[in-house]
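Containing compact mmCIF, C-alpha atoms and all ligand atoms: entry_37.txt.
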```
# COMPACT_ATOMS: atom_id res chain seq x y z
CA MET U 1 -4.83 19.88 -47.31
CA ARG U 2 -1.23 19.04 -46.71
CA ARG U 3 0.42 20.28 -43.53
CA LEU U 4 3.62 22.17 -44.02
CA PRO U 5 6.45 21.72 -41.54
CA MET U 6 7.08 24.91 -39.58
CA GLN U 7 10.16 24.10 -37.57
CA THR U 8 13.32 25.84 -38.72
CA SER U 9 15.49 22.75 -38.65
CA ALA U 10 15.40 20.32 -41.53
CA LEU U 11 13.11 22.55 -43.56
CA PRO U 12 12.31 21.27 -46.99
CA ALA U 13 13.39 23.38 -49.89
CA PRO U 14 10.73 25.89 -51.04
CA HIS U 15 10.37 23.65 -54.03
CA ALA U 16 8.69 20.96 -51.97
CA MET U 17 5.56 23.10 -52.22
CA PRO U 18 2.83 21.59 -54.38
CA ARG U 19 2.97 23.08 -57.82
CA GLU U 20 -0.52 24.61 -57.92
CA ARG U 21 0.13 26.69 -54.83
CA ILE U 22 2.97 28.52 -56.40
CA SER U 23 1.65 28.87 -59.91
CA LYS U 24 0.80 32.55 -59.54
CA SER U 25 4.26 33.59 -58.43
CA LYS U 26 5.84 31.31 -60.95
CA GLU U 27 4.29 33.22 -63.80
CA SER U 28 5.52 36.57 -62.59
CA ASN U 29 8.92 34.91 -62.37
CA GLU U 30 9.29 34.65 -66.12
CA THR U 31 11.45 37.59 -67.03
CA MET U 32 9.64 39.97 -69.29
CA THR U 33 11.49 41.35 -72.23
CA ASP U 34 10.34 44.42 -74.11
CA LYS U 35 10.05 44.01 -77.84
CA ASN U 36 12.96 46.27 -78.71
CA GLU U 37 15.11 45.26 -75.75
CA TRP U 38 18.40 43.51 -76.53
CA PRO U 39 18.20 39.81 -75.61
CA LEU U 40 19.72 38.53 -72.37
CA PHE U 41 22.88 36.40 -72.34
CA GLU U 42 24.37 34.37 -69.52
CA VAL U 43 28.11 34.86 -69.12
CA PHE U 44 30.54 32.11 -68.11
CA ILE U 45 34.18 32.85 -67.38
CA ARG U 46 37.28 30.71 -67.06
CA SER U 47 39.34 32.60 -64.53
CA LYS U 48 42.52 30.73 -65.30
CA GLN U 49 43.80 27.92 -67.48
CA GLY U 50 43.07 24.62 -65.82
CA LEU U 51 39.76 25.71 -64.27
CA ALA U 52 36.25 25.27 -65.65
CA HIS U 53 34.13 28.16 -66.88
CA GLN U 54 31.91 29.47 -64.13
CA HIS U 55 28.70 31.51 -64.29
CA ALA U 56 29.59 35.16 -63.73
CA GLY U 57 26.28 36.91 -64.37
CA SER U 58 24.20 38.08 -67.28
CA LEU U 59 23.94 41.02 -69.64
CA HIS U 60 22.03 42.35 -72.61
CA ALA U 61 23.52 42.48 -76.11
CA ALA U 62 22.18 42.65 -79.65
CA ASP U 63 23.98 39.42 -80.59
CA ALA U 64 26.49 36.91 -79.27
CA GLU U 65 29.48 38.81 -80.63
CA MET U 66 28.46 41.96 -78.79
CA ALA U 67 27.71 39.89 -75.70
CA ILE U 68 31.34 38.73 -75.69
CA GLU U 69 32.58 42.30 -76.06
CA ASN U 70 30.29 43.53 -73.28
CA ALA U 71 31.21 40.60 -71.04
CA ARG U 72 34.87 41.49 -71.46
CA ASP U 73 34.14 45.02 -70.18
CA VAL U 74 31.61 44.11 -67.50
CA TYR U 75 33.10 40.97 -65.98
CA THR U 76 36.86 40.97 -66.64
CA ARG U 77 38.12 44.49 -65.90
CA ARG U 78 40.68 43.13 -63.43
CA SER U 79 42.06 40.10 -65.21
CA GLU U 80 39.29 37.85 -63.89
CA GLY U 81 39.15 35.96 -67.16
CA GLN U 82 41.12 33.90 -69.65
CA SER U 83 38.14 32.77 -71.68
CA ILE U 84 34.48 33.76 -71.99
CA TRP U 85 31.37 31.83 -73.00
CA VAL U 86 28.08 33.57 -73.67
CA VAL U 87 24.80 31.69 -74.01
CA PRO U 88 21.39 33.19 -74.84
CA SER U 89 19.45 32.89 -71.58
CA THR U 90 16.52 31.40 -73.50
CA ALA U 91 18.76 28.51 -74.65
CA ILE U 92 19.27 27.22 -71.12
CA THR U 93 17.12 24.32 -69.97
CA ALA U 94 17.02 24.08 -66.20
CA THR U 95 15.52 21.83 -63.56
CA SER U 96 12.52 23.31 -61.82
CA PRO U 97 12.65 24.06 -58.10
CA ASP U 98 9.43 22.03 -57.82
CA ASP U 99 11.31 18.90 -58.84
CA LYS U 100 14.17 19.41 -56.44
CA SER U 101 13.11 16.80 -53.91
CA VAL U 102 12.24 14.24 -56.57
CA LEU U 103 15.58 14.68 -58.29
CA PHE U 104 18.00 15.22 -55.47
CA ASP U 105 16.61 13.84 -52.21
CA PRO U 106 17.17 10.17 -53.16
CA ALA U 107 20.93 10.71 -52.97
CA ASP U 108 20.68 11.78 -49.31
CA THR U 109 19.98 8.23 -48.13
CA LYS U 110 22.75 6.58 -50.13
CA VAL U 111 25.45 6.95 -47.54
CA TYR U 112 27.19 3.84 -48.86
CA ARG U 113 28.43 5.97 -51.77
CA HIS U 114 30.80 7.74 -49.40
CA PRO U 115 34.14 6.37 -48.14
CA THR U 116 33.31 7.03 -44.48
CA PHE U 117 30.47 4.47 -44.66
CA TYR U 118 32.98 1.61 -44.61
CA ASP U 119 34.66 0.39 -41.45
CA VAL U 120 38.34 -0.41 -41.82
CA PRO U 121 41.00 -0.62 -39.10
CA ASP U 122 42.89 2.63 -38.39
CA GLU U 123 46.24 0.84 -38.40
CA VAL U 124 45.91 -0.12 -42.07
CA GLU U 125 47.38 2.74 -44.05
CA CYS U 126 46.58 4.23 -47.43
CA LEU U 127 42.84 3.49 -47.27
CA MET C 1 -10.10 32.30 -44.12
CA ASN C 2 -10.62 30.40 -47.33
CA GLU C 3 -8.30 27.66 -48.49
CA THR C 4 -6.15 29.90 -50.71
CA THR C 5 -5.65 32.60 -48.09
CA ARG C 6 -4.66 29.99 -45.54
CA ASP C 7 -2.17 28.48 -47.96
CA VAL C 8 -0.56 31.84 -48.56
CA VAL C 9 -0.37 32.54 -44.83
CA GLU C 10 1.23 29.16 -44.17
CA LEU C 11 3.66 29.54 -47.03
CA GLY C 12 4.56 32.97 -45.69
CA GLN C 13 5.30 31.57 -42.23
CA TRP C 14 7.26 28.75 -43.77
CA PHE C 15 9.25 31.26 -45.85
CA ASP C 16 10.02 33.48 -42.83
CA ALA C 17 11.41 30.48 -40.95
CA TYR C 18 13.39 29.36 -43.98
CA VAL C 19 15.23 32.68 -44.41
CA ALA C 20 15.61 33.09 -40.65
CA ASP C 21 17.54 29.83 -40.81
CA GLU C 22 20.02 31.65 -43.12
CA LYS C 23 18.95 29.68 -46.17
CA LYS C 24 19.16 31.47 -49.50
CA ILE C 25 16.42 32.15 -52.01
CA GLU C 26 17.11 31.73 -55.72
CA PRO C 27 15.15 33.25 -58.62
CA LYS C 28 12.71 30.43 -59.35
CA ASP C 29 11.95 29.61 -55.71
CA TRP C 30 8.61 30.54 -54.22
CA MET C 31 8.69 33.85 -52.38
CA PRO C 32 6.02 36.15 -50.94
CA ASP C 33 4.93 38.88 -53.35
CA ALA C 34 5.96 41.53 -50.83
CA TYR C 35 9.47 40.04 -50.59
CA ARG C 36 9.75 40.17 -54.37
CA LYS C 37 8.44 43.75 -54.49
CA THR C 38 10.78 44.88 -51.73
CA LEU C 39 13.76 43.39 -53.54
CA VAL C 40 12.79 44.83 -56.92
CA ARG C 41 12.45 48.26 -55.32
CA GLN C 42 15.71 48.04 -53.38
CA ILE C 43 17.87 46.48 -56.10
CA SER C 44 16.62 48.79 -58.86
CA GLN C 45 17.13 51.85 -56.65
CA HIS C 46 20.59 50.59 -55.88
CA ALA C 47 21.29 50.12 -59.61
CA HIS C 48 19.96 53.59 -60.42
CA SER C 49 22.27 55.04 -57.75
CA GLU C 50 25.32 53.43 -59.35
CA VAL C 51 24.31 54.78 -62.76
CA ILE C 52 23.42 58.33 -61.66
CA GLY C 53 26.47 58.23 -59.39
CA MET C 54 28.72 58.37 -62.45
CA GLN C 55 27.69 61.96 -63.15
CA PRO C 56 29.21 63.97 -60.27
CA GLU C 57 32.59 62.32 -60.82
CA GLY C 58 32.35 62.08 -64.59
CA ASN C 59 32.30 65.86 -64.38
CA TRP C 60 36.04 65.78 -63.55
CA ILE C 61 37.42 63.12 -65.90
CA THR C 62 38.55 65.62 -68.53
CA ARG C 63 39.93 67.97 -65.89
CA ALA C 64 41.76 65.57 -63.58
CA PRO C 65 45.06 67.19 -62.54
CA THR C 66 47.37 64.42 -63.80
CA LEU C 67 47.24 61.45 -66.14
CA ARG C 68 47.53 59.13 -63.10
CA ARG C 69 44.48 60.72 -61.49
CA LYS C 70 42.61 60.65 -64.77
CA ALA C 71 43.25 56.93 -65.32
CA GLY C 72 42.15 56.16 -61.75
CA LEU C 73 38.99 58.24 -61.96
CA LEU C 74 38.05 56.85 -65.35
CA ALA C 75 38.46 53.30 -64.03
CA LYS C 76 36.39 54.15 -60.97
CA VAL C 77 33.53 55.64 -62.95
CA GLN C 78 33.62 52.64 -65.31
CA ASP C 79 33.32 50.37 -62.26
CA GLU C 80 30.17 52.24 -61.20
CA ALA C 81 28.65 51.53 -64.62
CA GLY C 82 29.51 47.87 -64.05
CA HIS C 83 27.90 47.93 -60.59
CA GLY C 84 24.73 49.28 -62.17
CA LEU C 85 24.77 46.42 -64.69
CA TYR C 86 25.35 43.68 -62.08
CA LEU C 87 22.44 45.05 -60.09
CA TYR C 88 20.05 45.51 -62.99
CA SER C 89 20.57 41.89 -63.99
CA ALA C 90 20.03 40.77 -60.38
CA ALA C 91 16.71 42.67 -60.38
CA GLU C 92 15.77 41.13 -63.74
CA THR C 93 15.85 37.65 -62.16
CA LEU C 94 12.80 38.81 -60.16
CA GLY C 95 10.72 39.33 -63.29
CA VAL C 96 11.14 43.05 -63.93
CA SER C 97 12.55 44.10 -67.31
CA ARG C 98 15.41 46.50 -67.96
CA GLY C 99 13.02 48.74 -69.88
CA GLN C 100 10.65 48.94 -66.92
CA MET C 101 13.53 49.93 -64.67
CA ASP C 102 14.75 52.55 -67.14
CA ASP C 103 11.23 53.98 -67.21
CA GLY C 104 11.09 53.95 -63.42
CA LEU C 105 14.23 56.03 -63.19
CA LEU C 106 13.53 58.42 -66.04
CA SER C 107 9.91 59.08 -65.07
CA GLY C 108 11.02 60.00 -61.55
CA LYS C 109 8.89 57.18 -60.09
CA ASP C 110 11.97 55.39 -58.73
CA LYS C 111 14.44 57.01 -56.36
CA TYR C 112 18.21 56.83 -56.32
CA SER C 113 20.60 57.76 -53.54
CA SER C 114 20.22 61.45 -52.71
CA ILE C 115 23.95 61.85 -52.28
CA PHE C 116 24.35 62.15 -56.05
CA ASN C 117 22.23 65.30 -56.15
CA TYR C 118 25.05 67.42 -54.77
CA PRO C 119 27.48 69.25 -57.08
CA THR C 120 31.23 68.73 -57.51
CA PRO C 121 32.65 72.23 -57.96
CA THR C 122 36.29 71.41 -57.06
CA TRP C 123 38.80 68.58 -57.53
CA ALA C 124 38.71 67.99 -53.77
CA ASP C 125 35.10 66.85 -54.20
CA ILE C 126 36.41 63.85 -56.12
CA GLY C 127 38.61 63.00 -53.14
CA ALA C 128 35.74 63.50 -50.69
CA ILE C 129 33.36 61.36 -52.75
CA GLY C 130 35.76 58.42 -53.01
CA TRP C 131 36.66 58.62 -49.33
CA LEU C 132 33.24 59.38 -47.80
CA VAL C 133 30.57 58.36 -50.31
CA ASP C 134 32.26 55.13 -51.38
CA GLY C 135 33.27 54.60 -47.74
CA ALA C 136 29.63 54.82 -46.68
CA ALA C 137 28.57 52.66 -49.63
CA ILE C 138 31.05 49.94 -48.60
CA THR C 139 29.79 50.03 -45.00
CA ASN C 140 26.28 49.56 -46.35
CA GLN C 141 27.16 46.91 -48.92
CA ILE C 142 29.31 44.54 -46.87
CA PRO C 143 26.34 43.17 -44.88
CA LEU C 144 24.35 42.89 -48.14
CA CYS C 145 26.82 40.22 -49.27
CA ARG C 146 24.91 37.99 -46.79
CA CYS C 147 21.47 39.00 -48.03
CA SER C 148 18.92 36.18 -48.33
CA TYR C 149 18.41 36.67 -52.07
CA GLY C 150 21.22 34.85 -53.90
CA PRO C 151 21.62 37.02 -57.02
CA TYR C 152 21.68 40.24 -54.96
CA ALA C 153 24.22 38.81 -52.52
CA ARG C 154 26.45 37.62 -55.37
CA ALA C 155 26.30 41.02 -57.08
CA MET C 156 27.28 42.65 -53.78
CA ILE C 157 30.31 40.39 -53.35
CA ARG C 158 31.55 41.46 -56.76
CA VAL C 159 30.83 45.11 -56.01
CA CYS C 160 32.55 45.07 -52.62
CA LYS C 161 35.73 43.64 -54.15
CA GLU C 162 35.92 46.66 -56.43
CA GLU C 163 34.88 49.35 -53.96
CA SER C 164 37.99 49.29 -51.85
CA PHE C 165 40.02 50.82 -54.69
CA HIS C 166 37.43 53.61 -54.95
CA GLN C 167 37.76 54.55 -51.32
CA ARG C 168 41.56 54.39 -51.35
CA GLN C 169 41.92 56.54 -54.47
CA GLY C 170 39.61 59.11 -52.83
CA TYR C 171 41.54 59.10 -49.57
CA GLU C 172 44.82 59.44 -51.44
CA ILE C 173 43.51 62.57 -53.18
CA MET C 174 42.45 64.01 -49.80
CA LEU C 175 45.84 63.13 -48.33
CA ARG C 176 47.75 64.93 -51.06
CA LEU C 177 45.53 68.00 -50.83
CA SER C 178 45.50 68.20 -47.04
CA HIS C 179 49.28 67.91 -46.92
CA GLY C 180 49.74 70.30 -49.83
CA THR C 181 49.65 74.10 -49.95
CA ALA C 182 47.44 76.10 -47.61
CA GLU C 183 45.03 76.66 -50.46
CA GLN C 184 44.87 72.93 -51.27
CA LYS C 185 44.21 72.12 -47.64
CA ARG C 186 41.44 74.74 -47.54
CA MET C 187 39.92 73.07 -50.60
CA ALA C 188 40.03 69.65 -48.92
CA GLN C 189 38.43 71.04 -45.75
CA ASP C 190 35.73 72.75 -47.79
CA ALA C 191 34.88 69.50 -49.57
CA LEU C 192 34.74 67.63 -46.25
CA ASN C 193 32.43 70.31 -44.87
CA ARG C 194 30.02 69.88 -47.74
CA TRP C 195 30.07 66.05 -47.99
CA TRP C 196 30.18 64.95 -44.37
CA TRP C 197 26.53 65.35 -43.42
CA PRO C 198 25.09 64.07 -46.71
CA ALA C 199 27.37 61.01 -46.33
CA VAL C 200 26.14 60.45 -42.76
CA MET C 201 22.58 60.62 -44.08
CA MET C 202 23.26 58.00 -46.76
CA PHE C 203 22.28 55.31 -44.23
CA GLY C 204 18.74 56.62 -44.22
CA PRO C 205 16.44 57.68 -41.41
CA SER C 206 16.92 56.47 -37.87
CA ASP C 207 15.61 52.95 -37.28
CA LYS C 208 12.66 54.22 -35.30
CA ASP C 209 11.54 56.31 -38.30
CA SER C 210 12.33 53.80 -41.00
CA ALA C 211 9.20 52.32 -42.52
CA HIS C 212 10.57 49.16 -44.14
CA SER C 213 13.47 48.31 -41.83
CA ALA C 214 11.85 45.73 -39.53
CA GLN C 215 10.36 43.59 -42.30
CA SER C 216 13.59 43.74 -44.33
CA MET C 217 15.58 42.65 -41.29
CA ALA C 218 13.20 39.74 -40.68
CA TRP C 219 13.58 38.66 -44.29
CA ARG C 220 17.37 38.90 -44.06
CA ILE C 221 17.46 41.42 -46.88
CA LYS C 222 18.79 44.02 -44.51
CA ARG C 223 21.31 42.65 -42.04
CA VAL C 224 22.32 45.64 -39.93
CA SER C 225 20.14 48.58 -38.86
CA ASN C 226 20.56 52.08 -40.34
CA ASP C 227 21.80 53.52 -37.07
CA ASP C 228 24.33 50.74 -36.49
CA LEU C 229 25.71 51.11 -40.01
CA ARG C 230 25.94 54.86 -39.53
CA GLN C 231 27.84 54.36 -36.28
CA ARG C 232 30.31 52.01 -37.97
CA PHE C 233 30.94 54.58 -40.66
CA VAL C 234 31.40 57.45 -38.20
CA ASP C 235 33.80 55.48 -35.98
CA MET C 236 35.99 54.50 -38.89
CA THR C 237 35.95 57.88 -40.63
CA VAL C 238 36.69 60.19 -37.70
CA LYS C 239 40.13 58.64 -37.26
CA GLN C 240 40.81 58.94 -40.99
CA ALA C 241 39.93 62.65 -40.86
CA ASP C 242 42.30 63.10 -37.90
CA TYR C 243 45.12 61.63 -39.94
CA LEU C 244 44.38 64.11 -42.72
CA GLY C 245 44.52 66.94 -40.18
CA LEU C 246 41.03 68.01 -41.20
CA THR C 247 38.16 68.96 -38.89
CA MET C 248 34.77 67.31 -39.03
CA PRO C 249 32.04 69.93 -39.49
CA ASP C 250 30.29 68.85 -36.28
CA PRO C 251 31.00 70.73 -33.02
CA ASP C 252 29.15 68.03 -31.06
CA LEU C 253 31.30 65.18 -32.34
CA LYS C 254 33.07 63.49 -29.42
CA TRP C 255 34.31 60.13 -28.21
CA ASN C 256 31.89 58.48 -25.82
CA GLU C 257 33.98 56.41 -23.43
CA GLU C 258 30.98 54.59 -22.01
CA ARG C 259 29.58 53.49 -25.38
CA GLY C 260 32.97 52.99 -26.98
CA HIS C 261 31.74 54.97 -29.99
CA TYR C 262 31.72 58.51 -31.28
CA ASP C 263 28.62 60.60 -30.61
CA ILE C 264 27.58 62.93 -33.40
CA GLY C 265 25.40 66.04 -33.37
CA GLU C 266 21.76 66.24 -34.37
CA ILE C 267 21.20 65.29 -38.01
CA ASP C 268 19.24 67.87 -40.03
CA TRP C 269 16.78 65.53 -41.73
CA SER C 270 14.85 68.39 -43.32
CA ASP C 271 17.69 68.81 -45.81
CA PHE C 272 17.65 65.05 -46.53
CA TRP C 273 13.91 65.02 -47.23
CA LYS C 274 14.17 68.15 -49.35
CA VAL C 275 16.68 66.39 -51.62
CA VAL C 276 14.72 63.10 -51.62
CA LYS C 277 11.62 65.00 -52.73
CA GLY C 278 13.51 66.30 -55.76
CA ASN C 279 14.64 69.71 -54.57
CA GLY C 280 18.36 69.16 -54.05
CA PRO C 281 20.93 71.25 -55.88
CA CYS C 282 21.25 68.87 -58.87
CA ASN C 283 18.16 66.61 -59.00
CA ARG C 284 16.80 68.06 -62.23
CA GLN C 285 20.21 68.22 -63.89
CA ARG C 286 20.99 64.56 -63.07
CA LEU C 287 17.72 63.25 -64.50
CA ALA C 288 17.85 65.51 -67.55
CA HIS C 289 21.36 64.29 -68.30
CA ARG C 290 20.33 60.65 -67.91
CA GLN C 291 17.30 61.23 -70.15
CA LYS C 292 19.50 62.83 -72.82
CA ALA C 293 22.00 59.96 -72.72
CA HIS C 294 19.09 57.52 -73.03
CA ASP C 295 17.56 59.40 -75.98
CA ASP C 296 20.90 59.93 -77.73
CA GLY C 297 21.62 56.22 -77.48
CA GLU C 298 18.29 55.09 -78.89
CA TRP C 299 19.36 54.96 -82.54
CA VAL C 300 22.43 52.96 -81.56
CA ARG C 301 20.35 50.39 -79.68
CA ASP C 302 17.87 50.16 -82.54
CA ALA C 303 20.57 49.90 -85.20
CA ALA C 304 22.46 47.18 -83.32
CA LEU C 305 19.29 45.14 -82.98
CA ALA C 306 18.32 45.65 -86.64
CA HIS C 307 21.81 44.59 -87.70
CA ALA C 308 21.70 41.49 -85.52
CA ASN C 309 18.26 40.53 -86.84
CA LYS C 310 19.43 41.01 -90.42
CA ARG C 311 22.40 38.74 -89.86
CA VAL C 312 20.18 36.04 -88.41
CA ALA C 313 17.83 36.37 -91.39
CA ARG C 314 20.71 36.14 -93.84
CA ALA C 315 22.20 33.10 -92.13
CA THR C 316 18.81 31.37 -92.17
CA ARG C 317 18.35 32.17 -95.88
CA ASP C 318 21.84 30.96 -96.80
CA ALA C 319 21.30 27.75 -94.90
CA ALA C 320 18.03 27.10 -96.75
FE FE U 401 29.55 51.36 -56.82
FE FE U 402 32.24 53.03 -55.82
```
Please render this file's structure as structure tokens.
Amino acid sequence: MRRLPMQTSALPAPHAMPRERISKSKESNETMTDKNEWPLFEVFIRSKQGLAHQHAGSLHAADAEMAIENARDVYTRRSEGQSIWVVPSTAITATSPDDKSVLFDPADTKVYRHPTFYDVPDEVECL
Amino acid sequence: MNETTRDVVELGQWFDAYVADEKKIEPKDWMPDAYRKTLVRQISQHAHSEVIGMQPEGNWITRAPTLRRKAGLLAKVQDEAGHGLYLYSAAETLGVSRGQMDDGLLSGKDKYSSIFNYPTPTWADIGAIGWLVDGAAITNQIPLCRCSYGPYARAMIRVCKEESFHQRQGYEIMLRLSHGTAEQKRMAQDALNRWWWPAVMMFGPSDKDSAHSAQSMAWRIKRVSNDDLRQRFVDMTVKQADYLGLTMPDPDLKWNEERGHYDIGEIDWSDFWKVVKGNGPCNRQRLAHRQKAHDDGEWVRDAALAHANKRVARATRDAA
């Protein structure tokens, strides 16, 4: 079996765990929804003009229109919003934690994508 | 040990080290079952407390002394509803449904903070709740903003931003009453007398008697011990009471030069456990009211869903 690193520094993300080991917990992770429960919506809010919408949280509503109304009351009681998006939670496709290392680790070694990788003389300005 | 057991043990050790390193856990990450269960229990209880907590204060919305007080109280109670919603959705990320949590509360299986089982017979109680109960809640919630579970920590950040208004509006009520007529001051003192000890007990049993504390601390769910949180609350509140010119209902309360903290008298935990076990002054009333609100709202929830489904069906038919 594969050894797992135990030291606290440079720990891999939990997602580095082989898939079959976490399958049991993964299943219980799927949010259950009762038959007559209002569907879940994710709420995104633009806090001010010029900024992107940001995930604020989630809420239940019978439909998207009600989700907007509820989001107004739940997430913008103190002028936190200028614009609201609601998306049915089931409509979101997300990366899996299990794929985190495959997807994102390769970027860690590509230091040449950052400006500090390149040596230029200090006395040359505007670089 | 068989292969599977060893895997779980190793994953558990790996997880402990991961959170000890102040790394955060997000909903789809692997986590020990006990961590998940602990969080579901704590977050749903916390949500239930926010929801039930609307009742003692809601009692005074229609009788607030001025329009200014009424607007403030209404906004405060509405915030508590919001806090309940943030927390329920944080718990839902762990795989428990809203319906299951509703059942947990209404069946009496789940607990909520015992503080909300005390009555609010006078307007001064509204001041005392905002000042002491929200004050204690803030003390408790600030460290939770650094909790290892991302969705819970994020909900707490949002909640803490809103709580400071709650505490200030409560203290302002106490200030006006304690600097008002002799009768108003007596009312303020009476409310302090009744709320002080229950507020002190909001932090739960002493660390040495607290069953889940050590594990929760190790998992970075709980960041500060019950006794340390209680001490923070006492130290901050005693000075605020002095300013009001009110007396804490504790003859043993005194500044301890050596410790640099206030010492308080013996806490009567028998009263706390009596209320936790369901025999406080308002336990039955609070649950009955919640059950009625839930039942009365059922046709609205059903109708809204039926309407939404009908609209989807119609749109699909028209498109065909
Ligand atoms: Fe709250
Ligand atoms: Fe509050």
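If all atoms listed in the file are the atoms counted, then among U:Thr109, U:Gln54, U:Gln49, U:Ser96 the closest residue to chain C is U:Ser96.
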Any residue with an atom at most 7 Å from ligand FE 401 (chain U) counts, using only C-alpha atoms and all ligand atoms. Which are they? Put them as an NGL selection string. :C and (50 or 79-80 or 83 or 159 or 163)
List as an mmCIF file with C-alpha atoms, keeping the file's coordinate frame the protein and nucleic acid residues lying within 8 Å of ligand FE 402 (chain U), with all atoms listed in the file counted.
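What ended up in selection-v9.cif:
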```cif
data_model
loop_
_atom_site.group_PDB
_atom_site.id
_atom_site.type_symbol
_atom_site.label_atom_id
_atom_site.label_comp_id
_atom_site.auth_asym_id
_atom_site.auth_seq_id
_atom_site.Cartn_x
_atom_site.Cartn_y
_atom_site.Cartn_z
ATOM 1 C CA GLU C 50 25.320 53.430 -59.350
ATOM 2 C CA LYS C 76 36.390 54.150 -60.970
ATOM 3 C CA VAL C 77 33.530 55.640 -62.950
ATOM 4 C CA ASP C 79 33.320 50.370 -62.260
ATOM 5 C CA GLU C 80 30.170 52.240 -61.200
ATOM 6 C CA GLY C 130 35.760 58.420 -53.010
ATOM 7 C CA VAL C 133 30.570 58.360 -50.310
ATOM 8 C CA ASP C 134 32.260 55.130 -51.380
ATOM 9 C CA ALA C 137 28.570 52.660 -49.630
ATOM 10 C CA ILE C 138 31.050 49.940 -48.600
ATOM 11 C CA GLU C 162 35.920 46.660 -56.430
ATOM 12 C CA GLU C 163 34.880 49.350 -53.960
ATOM 13 C CA SER C 164 37.990 49.290 -51.850
ATOM 14 C CA HIS C 166 37.430 53.610 -54.950
ATOM 15 C CA GLN C 167 37.760 54.550 -51.320
#
```
12 Å contact set for stretch 234-248 of chain C, all atoms listed in the file, chain neighbours under 6 positions out, as a VMD selection string: chain C and resid 127 to 128 131 to 136 138 to 139 167 to 168 170 to 180 184 to 197 199 to 203 227 to 228 254 to 256 259 to 265
Quick one: distance from atom CA of C:Asp302 to atom CA of C:Ala288 in Å, one decimal? 21.5 Å
To one decimal in Å, tell me the separation between atom CA of C:His48 and atom CA of C:Glu298.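 Calculated distance between atom CA of C:His48 and atom CA of C:Glu298 is 18.6 Å.
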